[in-house]
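The next block holds one structure in the form of structure tokens; read it before the comments.
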Amino acid sequence: MPVSDYLVTIGLEVHCQIKTATKMFCSCKAGFGYEPNTNVCPTCLGMPGALPVLNKFAIERTVLTGLMLGCSMPPVSKWDRKNYFYADMPKNYQTSQLDLPLCIGGEVPLYSWAYPADSKVKAEGAVVRTVKLDHIHLEEDAAKLTHYGSYSLVDYNRGGTPLMEIVSAPDLTSPDETYAYLKSLQQILICGGISDADMEKGQMRCDVNVSLRPKGQKELGAKIEMKNINSMSAARRALIYEIARQADELDRGIAQVQSTRRWDDDLGESIVMRTKENAHDYRYHTCPDLIPVHTAEYVEKMQKEMPELPDARQQRLMSTYGLPVADANTLVADAQLCAYFETAAAATKAPRKVANWLINIFPSVLAEKECVIEDCPVPPAALAGLVDVVEEGICSVSQAREVLEVLWTNPGQTAAAAAASLGYKKADSGALEALVEKVIAENPDLVGRVKDGNMKLINALTGQVMKNSNPKPNPKLVTEILMAKLGL
Ligand code: ZN
Ligand code: MN
């Protein structure tokens with residue numbers, strides 16, 4: 001039967017690196033780019049007798065995430081050991097949380113702008129639906145293994161860094177929703193300053209589980225988990241593939257077995273890794289080295305630090321700067337672009353024009369220069385100045401693109417100075433009007449045809465004025481003066 005005759009149930013486990021200076025249970029530095037195995041100590045290397053000390057900041061950030069997502073916090077949260085043997089974990093257990101995590105319940109709003117561009121969901125400026133969460137817990141990351149042909153290398157710098165795990169209920173129903181869930185969650189984590197949540201850098205990683213059952217059947221089908229998914233579009237692709245694969249096997253009478261598969265994005269297929277794995281396989285038990293966390297003080301502190309959520313930000317962009325909903329959506333979907341916009345918008349009287357530059361002109365400029373907005377040499381204040389230069393009639397939008405080029409190589413310059421260096425100055429209106437009159441007098445033919453209704457020819461007159469002007473006036477302004485003089 002067709003895939004649409006099956007009910008699809010999807011759940012996600014998202015691991016997220018918290019932006020902290022130090023590791024979860026010791027004072028070693030967290031973060032990238034250090035020589036392998038230099039940020040290590042007896043605690044994070046699992047030496048006998050070394051004792052853990054809690055990272056309060058990581059607990060605060062996790063509680064803040066919970067507050068942003070409407071979770072409740074149990075009064076006491078505790079730590080558990082998840083036992084397993086592998087080279088990425090020298091202690092042979094991961095310190096994690098099993099039955100009393102920091103946050104319980106809550107939900108992730110799916111923003112309309114978070115859906116993939118080719119998705120059918122088109123509801124604008126709204127939360128399409130919310131996805132229930134099971135819980136959020138805090139744990140430590142494992143070391144990073146790099147596999148070569150016949151050997152592997154291990155870097156313990158990442159071992160013991162704080163990792164927040166956000167576990168959804170089996171409440172998602174499609175690959176598009178899953179994409180929107182990841183995108184919405186990512187923006188919330190960035191808004192809260194909790195994580196940079198860059199999936200390519202592994203700061204946000206997700207495992208997806210999916211089961212199918214025929215319509216009308218109550219109990220869920222066998223859960224298949226897919227690991228090794230490293231982008232939102234890969235999660236979507238993996239699900240589309242896996243749903244079709246399971247439907248095909250079910251059609252042919254092949255029962256599904258609870259199992260873990262590895263998604264290979266290059267091959268575009270999932271490969272079975274192992275079957276059935278349950279919590280009891282890990283022999284979880286309470287960690288005797290760590291005292292439980294009393295959450296009340298953290299909740300009280302973090303309630304005062306609640307940041308603006310993306311949907312509130314979108315509303316504010318619309319009301320404060322008069323942005324249309326589509327522009328507000330685009331900016332909210334890109335935190336860096338949004339920050340740039342807000343700084344620039346505060347420095348001009350025409351914030352909508354700033355949004356227009358950032359949304360419609362900048363993408364091609366950045367692509368051409370192989371640059372991203374974070375590294376854009378033109379400061380927001382200079383873009384604000386550029387918008388003002390156009391608004392004041394000093395140059396046209398297309399001329400302003402030349403001014404942008406000057407600013408790109410001279411980021412310290414003001415837009416007005418850069419415009420002046422190209423000969424664009426505010427026209428002396430007296431001199432300009434005299435020139436317009438001269439051009440009218442010298443072209444009786446053209447003027448006659450324009451007056452007869454051939455409005456296209458007015459561009460020829462504008463061109464004559466432009467050619468004879470120095471500095472160059474704004475062509476729109478010249479046309480306006482021409483029309484007024486001709487009584488049109
Ligand atoms: Zn350490
Ligand atoms: Mn985990």
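Residue numbers start at 1 in each chain; chains themselves are named A, B, ... in the order of the structure tokens; ligands are numbered from 1 in the order shown.
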
Legend entry - range 29-253 of chain A: residues DSSP assigns to strand (DSSP E), reported as an NGL selection string: :A and (76-77 or 80-83 or 93-96 or 103-104 or 107-111 or 127-140 or 144-147 or 152-155 or 162-168 or 204-214 or 224-229)

Legend entry - Residue set, range 313-390 of chain A restricted to alpha helix (DSSP H), as JSON, numbers by chain: {"A": [313, 314, 315, 316, 317, 318, 319, 320, 321, 325, 326, 327, 328, 329, 330, 331, 332, 335, 336, 337, 338, 339, 340, 341, 342, 343, 344, 345, 351, 352, 353, 354, 355, 356, 362, 363, 364, 365, 366, 367, 368, 380, 381, 382, 383, 384, 385, 386, 387, 388, 389, 390]}

Any chance you can output those residues with C-alpha atoms as a CSV table (one decimal), in the first residue's frame?
```csv
chain,number,residue,atom,x,y,z
A,313,ARG,CA,11.6,39.0,18.1
A,314,GLN,CA,9.7,38.7,14.8
A,315,GLN,CA,6.7,40.7,16.2
A,316,ARG,CA,9.1,43.3,17.6
A,317,LEU,CA,10.9,43.7,14.2
A,318,MET,CA,7.5,44.3,12.6
A,319,SER,CA,6.2,46.8,15.1
A,320,THR,CA,9.5,48.7,15.8
A,321,TYR,CA,10.9,48.9,12.3
A,325,VAL,CA,6.2,39.8,7.8
A,326,ALA,CA,8.3,38.2,5.1
A,327,ASP,CA,11.4,40.4,5.9
A,328,ALA,CA,10.9,39.8,9.6
A,329,ASN,CA,10.8,36.0,9.0
A,330,THR,CA,14.0,36.1,6.9
A,331,LEU,CA,15.9,38.1,9.6
A,332,VAL,CA,14.7,36.0,12.5
A,335,ALA,CA,20.6,35.3,14.0
A,336,GLN,CA,23.8,36.9,12.7
A,337,LEU,CA,21.9,38.8,10.0
A,338,CYS,CA,19.3,39.9,12.5
A,339,ALA,CA,21.9,41.3,14.9
A,340,TYR,CA,23.6,43.2,12.0
A,341,PHE,CA,20.2,44.5,10.9
A,342,GLU,CA,19.3,45.8,14.4
A,343,THR,CA,22.6,47.6,14.8
A,344,ALA,CA,22.2,49.3,11.4
A,345,ALA,CA,18.5,50.0,11.7
A,351,PRO,CA,15.1,50.7,8.6
A,352,ARG,CA,13.0,49.1,6.0
A,353,LYS,CA,15.6,50.1,3.4
A,354,VAL,CA,18.3,48.5,5.5
A,355,ALA,CA,16.3,45.2,5.6
A,356,ASN,CA,15.9,45.5,1.8
A,362,PHE,CA,23.8,41.5,0.3
A,363,PRO,CA,23.4,37.8,-0.5
A,364,SER,CA,24.8,38.2,-4.0
A,365,VAL,CA,27.5,40.6,-2.8
A,366,LEU,CA,28.5,38.2,0.0
A,367,ALA,CA,28.5,35.2,-2.4
A,368,GLU,CA,30.6,37.1,-5.0
A,380,PRO,CA,26.4,48.1,10.3
A,381,ALA,CA,26.7,51.9,10.8
A,382,ALA,CA,28.3,52.3,7.3
A,383,LEU,CA,25.4,50.5,5.7
A,384,ALA,CA,23.0,52.7,7.7
A,385,GLY,CA,24.9,55.7,6.2
A,386,LEU,CA,24.7,54.2,2.7
A,387,VAL,CA,20.9,54.0,3.0
A,388,ASP,CA,20.8,57.6,4.2
A,389,VAL,CA,23.0,58.7,1.3
A,390,VAL,CA,20.4,57.2,-1.1
```

Which residues are near ligand 2 in this structure, taking near to mean any atom at most 10 Å from a ligand atom and counting only C-alpha atoms and all ligand atoms? Format them as an mmCIF file with N, CA and C atoms, in the first residue's frame.
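Output file selection18.cif follows:
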```
data_model
loop_
_atom_site.group_PDB
_atom_site.id
_atom_site.type_symbol
_atom_site.label_atom_id
_atom_site.label_comp_id
_atom_site.auth_asym_id
_atom_site.auth_seq_id
_atom_site.Cartn_x
_atom_site.Cartn_y
_atom_site.Cartn_z
ATOM 1 N N GLU A 13 16.434 12.924 19.474
ATOM 2 C CA GLU A 13 17.334 13.225 20.589
ATOM 3 C C GLU A 13 18.368 14.187 20.046
ATOM 4 N N VAL A 14 18.389 15.383 20.595
ATOM 5 C CA VAL A 14 19.350 16.383 20.119
ATOM 6 C C VAL A 14 20.393 16.622 21.210
ATOM 7 N N HIS A 15 21.649 16.407 20.863
ATOM 8 C CA HIS A 15 22.753 16.716 21.773
ATOM 9 C C HIS A 15 23.300 18.086 21.411
ATOM 10 N N CYS A 16 23.508 18.914 22.405
ATOM 11 C CA CYS A 16 23.912 20.281 22.133
ATOM 12 C C CYS A 16 25.053 20.685 23.060
ATOM 13 N N LYS A 82 26.181 5.944 33.275
ATOM 14 C CA LYS A 82 25.757 5.107 32.153
ATOM 15 C C LYS A 82 26.996 4.307 31.741
ATOM 16 N N GLN A 94 29.636 7.121 31.372
ATOM 17 C CA GLN A 94 29.350 8.528 31.111
ATOM 18 C C GLN A 94 28.503 9.041 32.252
ATOM 19 N N THR A 95 28.887 10.167 32.832
ATOM 20 C CA THR A 95 28.038 10.753 33.863
ATOM 21 C C THR A 95 26.907 11.486 33.159
ATOM 22 N N SER A 96 25.671 11.036 33.457
ATOM 23 C CA SER A 96 24.497 11.529 32.753
ATOM 24 C C SER A 96 23.348 11.629 33.758
ATOM 25 N N GLN A 97 22.127 11.720 33.260
ATOM 26 C CA GLN A 97 20.964 11.770 34.150
ATOM 27 C C GLN A 97 19.909 10.834 33.597
ATOM 28 N N HIS A 137 18.165 16.654 29.715
ATOM 29 C CA HIS A 137 19.147 16.354 30.756
ATOM 30 C C HIS A 137 20.534 16.836 30.374
ATOM 31 N N LEU A 138 21.395 16.827 31.378
ATOM 32 C CA LEU A 138 22.760 17.302 31.187
ATOM 33 C C LEU A 138 23.692 16.120 31.359
ATOM 34 N N GLU A 139 24.731 16.060 30.553
ATOM 35 C CA GLU A 139 25.700 14.975 30.664
ATOM 36 C C GLU A 139 27.050 15.478 30.183
ATOM 37 N N GLU A 140 27.996 14.580 30.039
ATOM 38 C CA GLU A 140 29.311 14.984 29.541
ATOM 39 C C GLU A 140 29.512 14.369 28.154
ATOM 40 N N ASP A 141 30.258 15.089 27.321
ATOM 41 C CA ASP A 141 30.559 14.583 25.985
ATOM 42 C C ASP A 141 31.672 13.550 26.095
ATOM 43 N N ALA A 142 31.749 12.681 25.087
ATOM 44 C CA ALA A 142 32.829 11.697 25.016
ATOM 45 C C ALA A 142 34.011 12.312 24.257
ATOM 46 N N LEU A 163 27.308 18.637 27.799
ATOM 47 C CA LEU A 163 26.451 18.296 26.680
ATOM 48 C C LEU A 163 25.017 18.250 27.198
ATOM 49 N N MET A 164 24.155 19.019 26.541
ATOM 50 C CA MET A 164 22.750 19.024 26.949
ATOM 51 C C MET A 164 22.002 18.140 25.958
ATOM 52 N N GLU A 165 21.161 17.239 26.477
ATOM 53 C CA GLU A 165 20.400 16.375 25.579
ATOM 54 C C GLU A 165 18.920 16.710 25.672
ATOM 55 N N ILE A 166 18.354 17.099 24.531
ATOM 56 C CA ILE A 166 16.944 17.483 24.468
ATOM 57 C C ILE A 166 16.196 16.337 23.802
ATOM 58 N N VAL A 167 15.324 15.684 24.558
ATOM 59 C CA VAL A 167 14.654 14.482 24.068
ATOM 60 C C VAL A 167 13.182 14.792 23.822
ATOM 61 N N CYS A 206 22.115 15.249 16.064
ATOM 62 C CA CYS A 206 20.823 14.625 16.346
ATOM 63 C C CYS A 206 20.755 13.165 15.945
ATOM 64 N N ASP A 207 20.042 12.409 16.765
ATOM 65 C CA ASP A 207 19.676 11.036 16.457
ATOM 66 C C ASP A 207 18.164 11.050 16.246
#
```

Legend entry - Minimum-distance residue to ligand 1, chosen among A:Cys26, A:Val121, A:Leu212, A:Ala21 (using only C-alpha atoms and all ligand atoms):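 Closest to ligand 1, using only C-alpha atoms and all ligand atoms: A:Cys26.
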
Inset, instruction - Report as a ChimeraX atom specification which protein, DNA and RNA residues come within 7 Å of ligand 1, using only C-alpha atoms and all ligand atoms. - result: /A:23,26-28,39-45

Store the residues picked out above, limited to N, CA, C and O atoms, as a short mmCIF file (atom, residue, chain, number, x, y, z; two decimals), in the first residue's frame.
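New file result16.cif:
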```
data_model
loop_
_atom_site.label_atom_id
_atom_site.label_comp_id
_atom_site.auth_asym_id
_atom_site.auth_seq_id
_atom_site.Cartn_x
_atom_site.Cartn_y
_atom_site.Cartn_z
N LYS A 23 35.01 22.50 31.40
CA LYS A 23 34.31 21.22 31.25
C LYS A 23 33.25 21.01 32.35
O LYS A 23 33.11 21.82 33.26
N CYS A 26 35.29 19.31 35.72
CA CYS A 26 36.65 19.74 36.09
C CYS A 26 36.88 21.13 35.51
O CYS A 26 36.03 21.65 34.80
N SER A 27 38.05 21.71 35.79
CA SER A 27 38.27 23.09 35.35
C SER A 27 39.07 23.16 34.04
O SER A 27 39.56 24.22 33.67
N CYS A 28 39.20 22.04 33.34
CA CYS A 28 39.88 22.06 32.03
C CYS A 28 39.08 22.94 31.06
O CYS A 28 37.85 22.97 31.12
N ASN A 39 43.98 19.74 26.88
CA ASN A 39 43.06 20.20 27.91
C ASN A 39 42.49 19.00 28.66
O ASN A 39 41.34 18.63 28.50
N VAL A 40 43.36 18.40 29.47
CA VAL A 40 42.97 17.19 30.19
C VAL A 40 43.53 17.23 31.61
O VAL A 40 44.50 17.95 31.89
N CYS A 41 42.90 16.46 32.51
CA CYS A 41 43.36 16.39 33.89
C CYS A 41 42.94 15.03 34.44
O CYS A 41 42.23 14.28 33.77
N PRO A 42 43.37 14.68 35.66
CA PRO A 42 43.01 13.35 36.20
C PRO A 42 41.50 13.09 36.20
O PRO A 42 41.06 11.97 35.95
N THR A 43 40.68 14.14 36.43
CA THR A 43 39.23 13.91 36.48
C THR A 43 38.67 13.52 35.11
O THR A 43 38.00 12.49 34.97
N CYS A 44 38.98 14.34 34.08
CA CYS A 44 38.37 14.03 32.78
C CYS A 44 39.09 12.89 32.06
O CYS A 44 38.60 12.39 31.05
N LEU A 45 40.23 12.45 32.59
CA LEU A 45 40.87 11.25 32.04
C LEU A 45 40.47 10.00 32.83
O LEU A 45 40.95 8.90 32.55
#
```

Legend entry - Which of A:Gln303, A:Ser429, A:Ser211, A:Asn157 sits closest to Ala255 in chain A [using only C-alpha atoms]: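 Answer, going by the shortest atom-to-atom distance: A:Ser211.
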
Legend entry - Counting only C-alpha atoms, the option among A:Met199, A:Val439, A:Ala417, A:Met24 closest to Lys56 in chain A: A:Met24

Inset, instruction - Would you please work out which residue, of A:Ser184, A:Gln464, A:Asn209, A:Thr62, is nearest to Pro116 in chain A when using only C-alpha atoms? - result: A:Ser184

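The smallest atom-to-atom distance between Ser174 in chain A and any of A:Ser4, A:Ser270, A:Asn468, A:Asn92, using only C-alpha atoms, is found for A:Ser4.
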
Legend entry - Nearest candidate to Arg236 in chain A (options A:Gly253, A:Pro307, A:Pro175, A:Gly193; using only C-alpha atoms): A:Pro175

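Non-sequential neighbours of Ala431 in chain A (distance at most 12 Å, separation of 6 or more positions within a chain, only C-alpha atoms) are Glu437, Lys438, Val465, Asn468, Ser469, Asn470, Pro471, Pro473, Val478 and Ile481 of chain A.
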
Inset, instruction - Mind checking which residues fall within 9 Å of Cys395 in chain A, counting only C-alpha atoms, ignoring those fewer than 3 positions away in the same chain, and posting them as an NGL selection string? - result: :A and (389-392 or 398-400 or 419 or 424-426 or 472-476)

Inset, instruction - Using CA of Glu370 in chain A and CA of Leu422 in chain A as the two end points, give the distance in Å to one decimal. - result: 24.9 Å

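The coordinates place CA of Val397 in chain A at 21.1 Å from CA of Gly412 in chain A.
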
Inset, instruction - Skip Ser259 in chain A itself and residues of its chain fewer than 6 positions away, then list as an NGL selection string all residues within 6 Å of it, counting only C-alpha atoms. - result: :A and (224 or 274-276)

Inset, instruction - Excluding Leu69 in chain A and any residue of its chain fewer than 5 positions from it, enumerate the residues within 9 Å of it, using only C-alpha atoms, and give them as a PyMOL selection string. - result: chain A and resi 64+105-109+133+188

Pull C-alpha atoms from the residues just selected and write them as a compact mmCIF listing (two decimals), in the first residue's frame.
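What ended up in part03.txt:
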```
# COMPACT_ATOMS: atom_id res chain seq x y z
CA LEU A 64 17.35 28.46 31.08
CA GLY A 105 8.08 18.13 29.68
CA GLY A 106 7.90 21.37 27.73
CA GLU A 107 7.51 21.90 24.01
CA VAL A 108 9.26 23.27 20.95
CA PRO A 109 7.26 25.70 18.76
CA LEU A 133 9.30 17.24 24.81
CA ILE A 188 15.98 29.28 20.33
```

Legend entry - Residue contacts of Cys191 in chain A (9 Å, only C-alpha atoms) excluding same-chain residues fewer than 3 positions away, as JSON, numbers by chain: {"A": [186, 187, 188, 194, 195, 307, 308, 309, 310, 335]}
